[in-house]
Every structure is written in C-alpha cells, then in structure tokens.
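Heads up: the structure comes next, in structure tokens.
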Amino acid sequence: MIVIRLDRVMADRKIQLGVLAERVGISPVNLSKLKTGKVSAIRFSTLEAICRELNCQPGDILEYREDVE
C-alpha cells in the first residue's frame with residue numbers, strides 16, 4: 001500500500017494548505033483529499049509541482065508499506 005505523507009512534509013515546511021494549493025495550481029479541496037490520503041491516483045505534473053514548491057523528493061511524500069494481514 002502507498003501511504004501519503006504530504007501532511008508531514010507540509011508541517012516541516014510550515015506551509016498552509018491554501019497557500020500550497022494556490023502555488024501548485026489545484027483546488028484546496030483536491031489538495032486536502034491528497035493530504036488525507038483519500039485519493040487513488042495523482043498526476044505526475046501535480047506531484048512535480050508539489051515537490052518543486054516544498055523543495056522535496058517524491059519519496060518524501062509517498063511511502064510504500066507492505067500490507068500486513
């Protein structure tokens with residue numbers, strides 16, 4: 001499973017959701033869904049814009065975890 005760590009990176013960079021959404025060019029609602037992991041996909045262009053604004057790598061935002069059953 002892929003875990004989204006956008007909330008952690010945003011907190012580290014001290015950037016608010018509305019500010020990042022405006023800079024990235026997506027709606028605050030869609031960024032909020034991404035931040036809370038309520039999405040099943042992300043466009044590479046969106047991921048690239050987020051990484052550019054947060055000065056981070058995709059691996060800082062996305063984490064792979066094996067499903068434990």
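By convention in this document, the chains of the structure tokens carry letters A, B, ... by their order, each chain's residues are numbered from 1, and ligands are numbered from 1 in the order they are shown.
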Residues within 8 Å of Pro28 of chain A, only C-alpha atoms, excluding chain neighbours under 4 positions, as a PDB file with N, CA and C atoms, in the first residue's frame:
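This went into part_34.pdb:
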```
ATOM      1  N   LEU A  17      -2.252  24.700   3.747  1.00  0.00           N
ATOM      2  CA  LEU A  17      -2.880  24.023   2.630  1.00  0.00           C
ATOM      3  C   LEU A  17      -3.301  25.001   1.540  1.00  0.00           C
ATOM      4  N   GLY A  18      -3.954  26.079   1.901  1.00  0.00           N
ATOM      5  CA  GLY A  18      -4.419  27.056   0.918  1.00  0.00           C
ATOM      6  C   GLY A  18      -3.285  27.694   0.139  1.00  0.00           C
ATOM      7  N   ALA A  21      -1.860  24.988  -2.242  1.00  0.00           N
ATOM      8  CA  ALA A  21      -2.818  24.742  -3.331  1.00  0.00           C
ATOM      9  C   ALA A  21      -2.723  25.842  -4.382  1.00  0.00           C
ATOM     10  N   GLU A  22      -2.645  27.082  -3.946  1.00  0.00           N
ATOM     11  CA  GLU A  22      -2.547  28.205  -4.879  1.00  0.00           C
ATOM     12  C   GLU A  22      -1.252  28.145  -5.680  1.00  0.00           C
ATOM     13  N   SER A  32      -6.526  18.833  -0.130  1.00  0.00           N
ATOM     14  CA  SER A  32      -6.918  18.255   1.153  1.00  0.00           C
ATOM     15  C   SER A  32      -7.158  16.755   1.022  1.00  0.00           C
TER      16      SER A  32
END
```
Mind checking which residues fall within 12 Å of Leu47 of chain A, counting only C-alpha atoms, ignoring those fewer than 6 positions away in the same chain, and posting them as a count of residues only?
20
Using DSSP secondary structure from the backbone, list all strand (DSSP E) positions within chain A, as an mmCIF file with C-alpha atoms, in the first residue's frame.
```cif
data_model
loop_
_atom_site.group_PDB
_atom_site.id
_atom_site.type_symbol
_atom_site.label_atom_id
_atom_site.label_comp_id
_atom_site.auth_asym_id
_atom_site.auth_seq_id
_atom_site.Cartn_x
_atom_site.Cartn_y
_atom_site.Cartn_z
ATOM 1 C CA ILE A 2 1.108 3.560 -0.663
ATOM 2 C CA VAL A 3 0.921 5.974 2.273
ATOM 3 C CA ILE A 4 0.807 9.709 1.577
ATOM 4 C CA LEU A 62 4.911 8.839 -0.892
ATOM 5 C CA GLU A 63 5.840 5.791 1.172
ATOM 6 C CA TYR A 64 5.373 2.117 0.314
#
```
What's the separation between atom CA of Glu66 of chain A and atom CA of Asn30 of chain A, in Å to one decimal place?
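If I compute the distance from atom CA of Glu66 of chain A to atom CA of Asn30 of chain A, I get 26.1 Å.
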Using backbone DSSP assignments, extract all alpha helix (DSSP H) residues from chain A; output them as an MDAnalysis selection string.
chainID A and resid 6:13 17:24 28:35 44:54 58:61
